[in-house]
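What's in upload15.txt: compact mmCIF, C-alpha atoms
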```
# COMPACT_ATOMS: atom_id res chain seq x y z
CA MET A 1 159.77 7.49 119.90
CA ILE A 2 159.59 8.63 123.52
CA ARG A 3 161.31 11.91 124.43
CA ILE A 4 163.15 12.44 127.69
CA ALA A 5 164.93 15.50 129.08
CA CYS A 6 167.75 14.93 131.57
CA VAL A 7 168.55 18.04 133.58
CA GLY A 8 171.63 18.36 135.78
CA ILE A 9 175.38 18.04 135.78
CA ALA A 10 178.02 16.59 133.49
CA VAL A 11 181.36 15.72 135.09
CA GLN A 12 184.74 14.53 133.89
CA ASP A 13 185.43 11.26 135.75
CA ARG A 14 189.02 10.19 136.33
CA LEU A 15 188.98 6.56 137.44
CA TYR A 16 191.82 4.83 139.25
CA TYR A 17 191.57 1.04 139.60
CA LEU A 18 193.24 -0.42 142.71
CA ASN A 19 193.42 -3.84 144.36
CA ARG A 20 191.65 -2.41 147.41
CA LEU A 21 190.38 0.96 148.55
CA PRO A 22 192.64 3.00 150.86
CA ASP A 23 191.78 2.98 154.55
CA CYS A 24 194.45 5.45 155.65
CA GLY A 25 196.78 8.11 154.32
CA GLY A 26 199.70 7.08 152.11
CA LYS A 27 200.80 6.48 148.54
CA TYR A 28 198.98 3.99 146.32
CA VAL A 29 199.53 2.65 142.81
CA ALA A 30 196.65 2.16 140.39
CA GLN A 31 196.59 -0.89 138.09
CA HIS A 32 194.48 0.91 135.47
CA TYR A 33 193.32 4.45 134.71
CA ARG A 34 190.69 5.95 132.41
CA GLU A 35 188.94 9.25 131.77
CA VAL A 36 185.24 9.20 130.87
CA GLY A 37 182.24 11.47 131.07
CA GLY A 38 180.08 11.18 134.17
CA GLY A 39 177.50 13.02 136.23
CA PRO A 40 174.08 11.71 137.34
CA ALA A 41 171.83 13.36 134.75
CA ALA A 42 174.37 13.03 131.95
CA THR A 43 174.89 9.30 132.50
CA ALA A 44 171.15 8.76 132.90
CA ALA A 45 170.79 10.48 129.52
CA VAL A 46 173.23 8.03 127.93
CA ALA A 47 171.31 5.09 129.43
CA ALA A 48 167.98 6.38 128.11
CA ALA A 49 169.47 6.95 124.65
CA ARG A 50 170.97 3.44 124.61
CA LEU A 51 167.47 2.14 125.39
CA GLY A 52 165.98 3.85 122.36
CA ALA A 53 164.66 7.18 123.65
CA HIS A 54 165.25 10.57 122.08
CA VAL A 55 167.14 12.36 124.87
CA ASP A 56 168.06 15.98 125.44
CA PHE A 57 170.71 16.71 128.06
CA ILE A 58 170.09 20.12 129.62
CA GLY A 59 172.97 21.31 131.76
CA ARG A 60 176.01 23.51 132.12
CA VAL A 61 179.70 22.92 131.42
CA GLY A 62 182.66 25.26 131.33
CA ASP A 63 183.97 26.71 128.10
CA ASP A 64 187.18 24.74 128.67
CA ALA A 65 188.48 21.71 126.78
CA THR A 66 186.84 19.43 129.35
CA GLY A 67 183.42 20.95 128.75
CA LYS A 68 183.73 20.45 125.00
CA ALA A 69 184.85 16.85 125.51
CA LEU A 70 181.90 16.16 127.83
CA LEU A 71 179.34 17.42 125.33
CA ASP A 72 181.07 15.71 122.40
CA GLU A 73 181.00 12.40 124.27
CA LEU A 74 177.29 12.75 125.00
CA GLU A 75 176.63 13.45 121.32
CA ASN A 76 178.64 10.35 120.40
CA TRP A 77 176.35 8.32 122.69
CA GLY A 78 173.32 9.67 120.81
CA VAL A 79 172.32 12.37 123.32
CA ASN A 80 171.29 15.80 122.00
CA THR A 81 173.15 18.61 123.77
CA ALA A 82 171.72 21.57 121.85
CA PHE A 83 169.97 22.85 124.99
CA SER A 84 173.12 22.72 127.14
CA ARG A 85 175.23 25.80 127.87
CA SER A 86 178.97 26.34 127.85
CA CYS A 87 179.57 29.01 130.48
CA LYS A 88 182.12 31.71 129.72
CA ASN A 89 185.38 31.74 131.68
CA ALA A 90 184.29 28.72 133.72
CA ASN A 91 185.95 25.38 134.39
CA SER A 92 183.93 22.18 134.17
CA SER A 93 183.25 19.87 137.13
CA GLN A 94 185.58 16.97 137.92
CA SER A 95 185.57 13.74 139.92
CA ALA A 96 188.37 11.46 141.08
CA ILE A 97 187.09 7.89 141.53
CA LEU A 98 188.94 5.00 143.19
CA VAL A 99 187.63 1.55 142.27
CA ASP A 100 188.65 -1.73 143.97
CA GLU A 101 188.69 -5.31 142.68
CA GLN A 102 185.06 -5.86 143.79
CA GLY A 103 183.90 -2.82 141.83
CA GLU A 104 183.20 -0.69 144.90
CA ARG A 105 184.35 2.89 144.72
CA ILE A 106 185.18 6.12 146.51
CA ILE A 107 184.15 9.28 144.67
CA VAL A 108 185.62 12.73 145.32
CA ASN A 109 183.60 15.27 143.35
CA TYR A 110 184.58 18.86 142.66
CA PRO A 111 181.48 20.73 141.47
CA SER A 112 182.83 23.78 139.69
CA PRO A 113 181.78 26.92 141.62
CA GLU A 114 182.21 28.90 138.40
CA LEU A 115 179.09 27.37 136.82
CA PRO A 116 176.16 29.73 137.48
CA GLU A 117 173.20 28.37 139.46
CA ASP A 118 170.76 30.51 137.45
CA ALA A 119 168.27 28.41 135.45
CA SER A 120 165.98 31.13 134.09
CA TRP A 121 167.07 30.23 130.54
CA LEU A 122 165.20 26.92 130.84
CA HIS A 123 162.00 28.90 130.20
CA GLU A 124 163.16 29.09 126.56
CA ILE A 125 162.76 25.29 126.24
CA ASP A 126 159.42 23.72 125.32
CA PHE A 127 158.90 21.14 128.06
CA THR A 128 155.59 20.04 126.56
CA ALA A 129 157.69 18.11 124.02
CA TYR A 130 158.78 15.50 126.59
CA ASP A 131 157.22 12.35 127.98
CA VAL A 132 159.45 12.45 131.08
CA VAL A 133 161.76 15.03 132.63
CA LEU A 134 164.50 13.56 134.82
CA ALA A 135 166.70 15.75 137.02
CA ASP A 136 169.51 15.22 139.48
CA VAL A 137 169.92 17.24 142.69
CA ARG A 138 173.35 18.64 141.89
CA TRP A 139 171.96 21.62 139.98
CA HIS A 140 169.21 22.55 142.40
CA GLN A 141 167.80 25.54 140.58
CA GLY A 142 167.86 23.69 137.29
CA ALA A 143 165.89 20.78 138.73
CA LYS A 144 163.39 23.08 140.41
CA THR A 145 162.80 25.14 137.28
CA ALA A 146 162.58 22.13 134.98
CA PHE A 147 160.16 20.27 137.26
CA THR A 148 157.97 23.34 137.67
CA LEU A 149 157.76 23.78 133.90
CA ALA A 150 157.22 20.04 133.32
CA ARG A 151 154.42 19.75 135.85
CA SER A 152 152.71 22.79 134.36
CA ALA A 153 152.83 20.95 131.05
CA GLY A 154 151.48 17.71 132.56
CA VAL A 155 154.81 15.92 132.01
CA THR A 156 156.02 13.17 134.38
CA THR A 157 158.98 14.13 136.58
CA VAL A 158 161.66 11.75 137.91
CA LEU A 159 164.16 12.86 140.58
CA ASP A 160 167.57 11.26 141.10
CA ALA A 161 167.54 11.96 144.83
CA ASP A 162 171.16 11.44 145.80
CA ILE A 163 173.04 13.03 148.68
CA THR A 164 173.85 16.73 148.37
CA PRO A 165 174.60 19.54 150.85
CA GLN A 166 171.30 21.29 150.04
CA ASP A 167 167.84 20.42 151.38
CA ILE A 168 166.09 18.66 148.50
CA SER A 169 162.61 18.62 150.04
CA GLU A 170 161.18 21.06 147.50
CA LEU A 171 162.50 18.93 144.65
CA VAL A 172 160.98 15.79 146.15
CA ALA A 173 157.66 17.64 146.43
CA LEU A 174 157.80 18.40 142.70
CA ALA A 175 158.67 14.82 141.72
CA ASP A 176 156.15 12.28 140.46
CA HIS A 177 158.85 9.66 141.10
CA ALA A 178 161.64 10.30 143.62
CA ALA A 179 164.27 7.56 143.47
CA PHE A 180 166.71 7.94 146.37
CA SER A 181 170.15 6.56 147.00
CA ALA A 182 170.41 5.09 150.51
CA PRO A 183 172.51 8.06 151.77
CA GLY A 184 170.17 10.51 150.05
CA LEU A 185 167.12 9.02 151.75
CA GLN A 186 168.76 8.96 155.17
CA ARG A 187 169.87 12.58 154.84
CA LEU A 188 166.38 13.73 153.87
CA SER A 189 164.49 11.66 156.44
CA GLY A 190 166.95 11.55 159.34
CA GLU A 191 165.74 7.98 159.76
CA GLY A 192 167.73 4.75 159.74
CA ASP A 193 164.75 2.43 159.38
CA LEU A 194 164.02 1.89 155.69
CA LEU A 195 160.22 1.79 155.92
CA LEU A 196 160.01 4.82 158.19
CA ALA A 197 162.46 6.72 155.99
CA LEU A 198 160.38 6.05 152.87
CA LYS A 199 157.20 7.05 154.69
CA ARG A 200 158.79 10.34 155.72
CA ALA A 201 159.78 10.97 152.10
CA GLN A 202 156.28 9.98 150.97
CA ALA A 203 154.81 12.61 153.29
CA ILE A 204 156.56 15.32 151.26
CA THR A 205 155.20 14.34 147.85
CA ASN A 206 152.07 13.10 146.12
CA GLY A 207 154.34 10.99 143.92
CA HIS A 208 156.06 7.62 144.33
CA VAL A 209 159.21 7.11 146.41
CA TYR A 210 161.94 4.50 145.94
CA VAL A 211 165.39 3.75 147.33
CA THR A 212 168.14 1.84 145.53
CA GLN A 213 170.36 -0.46 147.60
CA GLY A 214 173.08 -1.53 145.18
CA LYS A 215 173.21 -5.32 144.75
CA SER A 216 170.23 -5.64 147.12
CA GLY A 217 168.02 -4.02 144.49
CA CYS A 218 165.27 -1.47 144.99
CA TYR A 219 162.62 -0.87 147.65
CA TRP A 220 159.57 1.31 147.21
CA LEU A 221 156.20 2.11 148.76
CA GLU A 222 152.99 0.92 147.16
CA ASN A 223 149.70 1.61 148.94
CA ASN A 224 151.81 2.56 151.96
CA GLU A 225 153.40 -0.91 152.06
CA LEU A 226 157.06 -1.76 151.45
CA ARG A 227 157.79 -3.53 148.16
CA HIS A 228 161.11 -4.94 146.97
CA HIS A 229 162.81 -6.22 143.84
CA ALA A 230 166.20 -7.84 144.37
CA GLY A 231 169.20 -6.94 142.27
CA PHE A 232 170.44 -9.26 139.51
CA ARG A 233 173.63 -11.20 140.19
CA VAL A 234 176.50 -10.41 137.83
CA GLU A 235 180.29 -10.43 137.90
CA VAL A 236 180.87 -6.87 139.10
CA VAL A 237 183.75 -4.91 137.59
CA ASP A 238 182.78 -1.31 138.43
CA THR A 239 179.68 0.09 140.15
CA THR A 240 180.40 3.67 139.04
CA GLY A 241 177.26 5.21 137.55
CA ALA A 242 175.00 2.25 138.39
CA GLY A 243 172.45 4.43 140.17
CA ASP A 244 172.47 6.98 137.35
CA VAL A 245 171.84 4.22 134.81
CA PHE A 246 169.01 2.84 136.96
CA HIS A 247 167.32 6.25 136.89
CA GLY A 248 167.69 6.58 133.12
CA ALA A 249 166.21 3.12 132.56
CA LEU A 250 163.38 3.80 135.02
CA ALA A 251 162.56 7.02 133.16
CA VAL A 252 162.31 5.10 129.88
CA LYS A 253 159.86 2.55 131.27
CA LEU A 254 157.78 5.21 133.01
CA ALA A 255 157.61 7.12 129.71
CA GLN A 256 156.28 3.91 128.14
CA ARG A 257 153.63 3.73 130.90
CA ILE A 258 154.90 0.37 132.15
CA GLU A 259 153.69 -0.55 135.66
CA ILE A 260 156.07 0.09 138.53
CA TYR A 261 157.19 -3.46 139.37
CA GLU A 262 158.19 -4.23 135.77
CA SER A 263 159.81 -0.80 135.40
CA ILE A 264 161.99 -1.44 138.45
CA ARG A 265 162.85 -4.98 137.32
CA PHE A 266 163.99 -3.59 133.98
CA ALA A 267 165.99 -0.75 135.58
CA ASN A 268 167.66 -3.22 137.96
CA ALA A 269 168.72 -5.35 135.00
CA VAL A 270 170.14 -2.40 133.05
CA ALA A 271 172.09 -1.21 136.11
CA ALA A 272 173.44 -4.71 136.78
CA LEU A 273 174.71 -5.11 133.22
CA LYS A 274 176.40 -1.70 133.41
CA CYS A 275 178.43 -2.99 136.37
CA THR A 276 180.04 -5.72 134.26
CA ARG A 277 182.33 -3.27 132.46
CA PRO A 278 184.59 -0.45 133.73
CA GLY A 279 183.45 3.17 133.76
CA GLY A 280 179.98 4.60 134.09
CA ARG A 281 178.78 4.12 130.50
CA ALA A 282 180.63 1.42 128.53
CA GLY A 283 178.53 -1.41 129.95
CA ILE A 284 175.10 0.18 129.44
CA PRO A 285 173.04 -2.32 127.40
CA ASP A 286 170.41 -1.67 124.77
CA CYS A 287 166.86 -3.04 125.06
CA ASP A 288 167.60 -6.31 123.22
CA GLN A 289 170.58 -7.06 125.45
CA THR A 290 168.55 -6.26 128.54
CA ASP A 291 165.59 -8.40 127.49
CA SER A 292 167.93 -11.30 126.69
CA PHE A 293 169.58 -10.98 130.10
CA MET A 294 166.26 -10.79 131.92
CA SER A 295 165.00 -13.91 130.12
CA LEU A 296 167.63 -15.90 132.01
CA PHE A 297 165.82 -15.14 135.28
CA VAL A 298 162.24 -15.99 134.34
```

Structure encoded using structure tokens:
Amino acid sequence: MIRIACVGIAVQDRLYYLNRLPDCGGKYVAQHYREVGGGPAATAAVAAARLGAHVDFIGRVGDDATGKALLDELENWGVNTAFSRSCKNANSSQSAILVDEQGERIIVNYPSPELPEDASWLHEIDFTAYDVVLADVRWHQGAKTAFTLARSAGVTTVLDADITPQDISELVALADHAAFSAPGLQRLSGEGDLLLALKRAQAITNGHVYVTQGKSGCYWLENNELRHHAGFRVEVVDTTGAGDVFHGALAVKLAQRIEIYESIRFANAVAALKCTRPGGRAGIPDCDQTDSFMSLFV
């Protein structure tokens, strides 16, 4: 069994389902509401576990009821949380998410300032045990420390390169595979043109660079040329967590040493299926479900 570490944040998502997203101030009524665990690395961990990997989530939560619920939920999804830390006298991170009838969403994240940035305790973990280490950019020091330890051990690193207030250049430099969101790539590169933006990201790292574009699929550079795999068409209910799930699925295929095109095709399929159910995790398929779905598009 392949082993994957997912390093980053876990967040309590509070989802409000509306007919349409607000475009001005006012009062709005949600048709549905749910509370589920979220966070880029945490949801990627669930995806990788659903796809058959042994997964350790390495992150920080508060010692509040929310933190306990977040770790318990991950365990229920088959993710090991033994290497995570509950931080004393700290509240856990939260997100409010508005979702419209087309599945598009607005996310307001509150990253708890009470969670310490320090990641020196990651040195206590044996990173040689993993096939892939995936990290998000929301715990910068955690990603940097984990990637440094992983690369020293010859372990493949995958970066979920989303938008964040910090400069993520040093994390991109440490990544064997840097998979950007469109806003994350534009922020890093300062470039609106997709090819030029990817080339600027490529100049930072010796690894591979990708950018996900929602239903348009994924673009990446191969031999300095732009490659593309379109997204799979599904009836979209909720796009929350789709990028996180893509990264978890990509990590699984890279751990299996599958070539890039097929890895991206698989990750696109897993992310598409996730979007057919509400929340960031309920729709994540297993390998059999994904293979069955992909067989419809041969």

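Taking all atoms listed in the file, the non-local environment of Asp238 in chain A within 8 Å (same-chain residues fewer than 2 positions away omitted) comprises Val99, Gln102, Gly103, Glu104, Arg105, Val236, Thr240, Cys275, Thr276, Arg277, Pro278, Gly279 and Gly280 of chain A.
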
Exercise. Which of these residues is nearest to Ala269 in chain A, using all atoms listed in the file: A:Thr205, A:Asn109, A:Ser93, A:Ser295?
Worked result: A:Ser295

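Between Ala69 in chain A and the residues A:Ala282, A:Ile260, A:Val11, A:Leu171, the shortest atom-to-atom distance, using all atoms listed in the file, involves A:Val11.
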
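Using all atoms listed in the file, the smallest distance between any of A:Arg34, A:Lys199, A:Arg227, A:Arg3 and Leu134 in chain A comes from A:Arg3.
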
Exercise. Neighbours of Thr128 in chain A within 12 Å (only C-alpha atoms; same-chain residues fewer than 3 positions away dropped), as a ChimeraX atom specification?
Worked result: /A:3-5,123-125,131-133,146-156

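If all atoms listed in the file are the atoms counted, then among A:Gly59, A:Pro40, A:Gly67, A:Gly184 the closest residue to His247 in chain A is A:Pro40.
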
Exercise. If you count only C-alpha atoms, which residues fall within 10 Å of range 52-54 of chain A, apart from same-chain ones fewer than 4 positions away, as a count of residues only?
Worked result: 20

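Distance-wise, CA of Phe57 in chain A and CA of Phe83 in chain A end up 6.9 Å apart.
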
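Closest approach to Glu73 in chain A among A:Asp176, A:Gln94, A:Leu21, A:Arg281: A:Arg281, based on only C-alpha atoms.
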
Counting only C-alpha atoms, what are the residues of range 42-127 of chain A within 10 Å of range 137-142 of chain A, and for each of them which pair of atoms is the nearest and at what distance in Å, to one decimal? Sort the table by chain and rising number, as CSV.
```
residue,atom,partner,partner_atom,distance
A:Ile58,CA,A:Gly142,CA,8.7
A:Gly59,CA,A:Gly142,CA,7.9
A:Arg60,CA,A:Trp139,CA,9.0
A:Pro111,CA,A:Arg138,CA,8.4
A:Leu115,CA,A:Trp139,CA,9.7
A:Pro116,CA,A:Trp139,CA,9.5
A:Glu117,CA,A:Gln141,CA,6.2
A:Asp118,CA,A:Gln141,CA,6.6
A:Ala119,CA,A:Gly142,CA,5.1
A:Ser120,CA,A:Gly142,CA,8.3
A:Trp121,CA,A:Gly142,CA,9.4
A:Leu122,CA,A:Gly142,CA,7.7
```

Hey, can you spit out that residue selection with C-alpha atoms as a compact mmCIF listing (two decimals), in the frame of the given file?
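So again-v4.txt came out as:
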```
# COMPACT_ATOMS: atom_id res chain seq x y z
CA ILE A 58 170.09 20.12 129.62
CA GLY A 59 172.97 21.31 131.76
CA ARG A 60 176.01 23.51 132.12
CA PRO A 111 181.48 20.73 141.47
CA LEU A 115 179.09 27.37 136.82
CA PRO A 116 176.16 29.73 137.48
CA GLU A 117 173.20 28.37 139.46
CA ASP A 118 170.76 30.51 137.45
CA ALA A 119 168.27 28.41 135.45
CA SER A 120 165.98 31.13 134.09
CA TRP A 121 167.07 30.23 130.54
CA LEU A 122 165.20 26.92 130.84
```

Exercise. Could you pull the residues within 12 Å of Arg187 in chain A, counting all atoms listed in the file, minus those fewer than 6 positions along the same chain, as a ChimeraX atom specification?
Worked result: /A:161-169,180-181,197-198,200-201

Problem set entry | Contacts of Phe297 in chain A at 12 Å (only C-alpha atoms; same-chain gap of 2+ positions) as a PyMOL selection string | chain A and resi 230-234+265-266+269+290-295

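Nearest-residue note for Gly39 in chain A: choosing from A:Asp100, A:Asp244, A:Asp288, A:Asp72, the minimum distance belongs to A:Asp244, counting all atoms listed in the file.
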
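Straight-line separation from CA of Gly214 in chain A to CA of Ala242 in chain A: 8.0 Å.
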